[in-house]
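Engineer: Once you've had a glance at the structure underneath, I'll fire off some questions.
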Amino acid sequence: RGHSAEIVLQSKHPGKFEEAGYVKGRFVHLDIRKAPFLDEKGRIIGTVGCGRDITKEKALEAEHDALLARVRIAAENYRDLVENINDVIFSTDENSILTYISPRVTSLMGYDPSEILGKAFTQFVHPDDLPSALGRLQEIEKGKFKPSEYRLLAKSGEYHWVRASTQPIYLEDRFAGLKGLVTDITEERQLKENLLQARKMEAISTLTGGIAHDY
């Protein structure tokens with residue numbers, strides 16, 4: 001007698017079990033129902049039961065569990081990528097309301113994601129850059145993809161120069177928002193300005209030296 005039969009005999013109550021083993025040379029999983037078997041005097045003399053082959057169901061469960069494991073690993077890998085990438089990943093709805101912002105925004109701009117979500121992306125853009133930023137968003141809606149540069153307001157009150165690479169989101173051929181990456185280029189812009197200023201000073205110095213030499 002199997003383990004399930006022993007449990008039924010000891011408990012004196014019917015039970016439901018899952019058992020696995022070889023039946024006619026094939027390994028199967030069985031859903032077993034067993035109950036005490038009584039003689040004419042009501043004494044337990046054994047067990048009686050029936051079984052249902054659930055081998056296919058168990059195989060489907062195993063496939064489902066494996067799929068969930070792969071999805072979980074993929075999600076963890078994606079989360080690690082999003083949280084550790086140097087750029088800020090964002091998405092908006094069709095009204096430019098932020099629907100997602102990656103945690104990297106905290107180190108770059110000082111905001112906690114919860115302080116930004118649900119707010120219009122445009123309210124963080126420098127007023128002088130807003131017209132060109134809005135123009136670029138309209139072009140992106142039409143499928144014209146090109147990185148754009150503008151200033152965004154940090155929590156400290158300072159403005160950071162950023163480069164945004166943005167793409168439209170479509171749902172059933174309907175424009176549903178934007179998604180993209182934002183890179184802080186404040187230092188890059190500052191270096192360019194310093195280089196330009198140095199070249200201007202060099203040109204002025206050369207011109208001044210030439211004039212002095214002529215006299």
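Every chain in the structure tokens takes a letter, A first, then B, and so on in the order presented; its residues are numbered from 1, and the ligands are numbered from 1 following the presented order.
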Enumerate the residues of segment 49-212 of chain A with a DSSP assignment of alpha helix (DSSP H), computed from the backbone, and present them as JSON, numbers by chain.
Structural biologist: {"A": [55, 56, 57, 58, 59, 60, 61, 62, 63, 64, 65, 66, 67, 68, 69, 70, 71, 72, 73, 74, 75, 76, 77, 78, 79, 80, 81, 82, 83, 84, 105, 106, 107, 108, 109, 113, 114, 115, 116, 130, 131, 132, 133, 134, 135, 136, 137, 138, 139, 140, 141, 186, 187, 188, 189, 190, 191, 192, 193, 194, 195, 196, 197, 198, 199, 200, 201, 202, 203, 204, 205, 206, 207, 208, 209, 210, 211, 212]}
Engineer: For segment 147-160 of chain A, please output as a short mmCIF file (atom, residue, chain, number, x, y, z; two decimals) with C-alpha atoms, in the first residue's frame all residues within 12 Å (counting only C-alpha atoms; exclusion window: fewer than 5 positions along the same chain).
Structural biologist:
```cif
data_model
loop_
_atom_site.label_atom_id
_atom_site.label_comp_id
_atom_site.auth_asym_id
_atom_site.auth_seq_id
_atom_site.Cartn_x
_atom_site.Cartn_y
_atom_site.Cartn_z
CA VAL A 105 16.26 61.62 -12.13
CA THR A 106 17.08 61.94 -8.42
CA SER A 107 20.86 62.05 -8.93
CA LEU A 108 20.63 64.22 -12.04
CA MET A 109 17.90 66.70 -11.10
CA GLY A 110 17.31 66.20 -7.38
CA TYR A 111 13.67 65.16 -7.67
CA ASP A 112 12.11 62.02 -6.32
CA PRO A 113 10.11 60.40 -9.14
CA GLU A 115 7.47 64.66 -7.21
CA ILE A 116 7.37 64.66 -11.01
CA PHE A 121 6.77 67.91 -18.77
CA THR A 122 6.66 71.46 -20.13
CA GLN A 123 6.50 73.05 -16.69
CA PHE A 124 10.13 72.06 -16.11
CA VAL A 125 11.41 73.56 -19.37
CA HIS A 126 13.16 76.96 -19.26
CA PRO A 127 10.74 79.66 -20.52
CA ASP A 128 13.20 80.77 -23.19
CA ASP A 129 13.49 77.19 -24.50
CA LEU A 130 9.79 76.32 -24.32
CA PRO A 131 8.78 77.46 -27.85
CA SER A 132 11.53 75.42 -29.53
CA ALA A 133 10.86 72.43 -27.24
CA LEU A 134 7.15 72.47 -28.10
CA GLY A 135 8.03 72.77 -31.78
CA ARG A 136 10.27 69.70 -31.54
CA LEU A 137 7.49 67.73 -29.81
CA GLU A 139 7.74 67.33 -35.17
CA ILE A 140 8.22 64.11 -33.20
CA SER A 165 16.06 61.66 -27.64
CA THR A 166 12.34 61.14 -27.97
CA GLN A 167 9.96 58.89 -29.90
CA GLY A 180 12.68 58.72 -24.52
CA LEU A 181 15.97 59.41 -22.83
CA VAL A 182 17.24 62.62 -21.27
CA THR A 183 20.99 63.15 -20.86
CA ASP A 184 22.49 65.92 -18.71
CA ILE A 185 24.88 67.88 -20.95
CA THR A 186 25.45 70.86 -18.64
CA GLU A 187 29.21 70.21 -18.37
CA GLU A 188 29.45 69.57 -22.10
CA ARG A 189 27.76 72.89 -22.87
CA GLN A 190 29.96 74.69 -20.36
#
```
Engineer: Out of A:Asp31, A:Lys24, A:Val48, A:Gly143, which residue has the shortest atom-to-atom distance to Glu6 of chain A when counting only C-alpha atoms?
Structural biologist: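 Checking each candidate against Glu6 of chain A, we get A:Val48 as the closest.
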Engineer: Can you tell me which residues surround segment 51-65 of chain A at a distance of at most 8 Å, considering only C-alpha atoms, apart from same-chain residues fewer than 6 positions away, and format the answer as a ChimeraX atom specification?
Structural biologist: /A:28-33
Engineer: I need the residues from that last selection saved to file as a compact mmCIF listing (two decimals), in the first residue's frame (with N, CA and C atoms), if you can.
Structural biologist:
```
# COMPACT_ATOMS: atom_id res chain seq x y z
N VAL A 28 3.68 8.96 -15.14
CA VAL A 28 2.46 9.78 -15.11
C VAL A 28 2.30 10.44 -13.73
N HIS A 29 1.53 11.54 -13.77
CA HIS A 29 1.08 12.21 -12.55
C HIS A 29 -0.40 11.91 -12.41
N LEU A 30 -0.82 11.55 -11.20
CA LEU A 30 -2.21 11.18 -10.96
C LEU A 30 -2.83 12.03 -9.85
N ASP A 31 -4.08 12.40 -10.08
CA ASP A 31 -4.88 13.04 -9.04
C ASP A 31 -5.71 11.92 -8.41
N ILE A 32 -5.40 11.60 -7.14
CA ILE A 32 -5.97 10.42 -6.49
C ILE A 32 -7.00 10.82 -5.44
N ARG A 33 -8.13 10.13 -5.43
CA ARG A 33 -9.12 10.24 -4.35
C ARG A 33 -9.21 8.87 -3.67
```
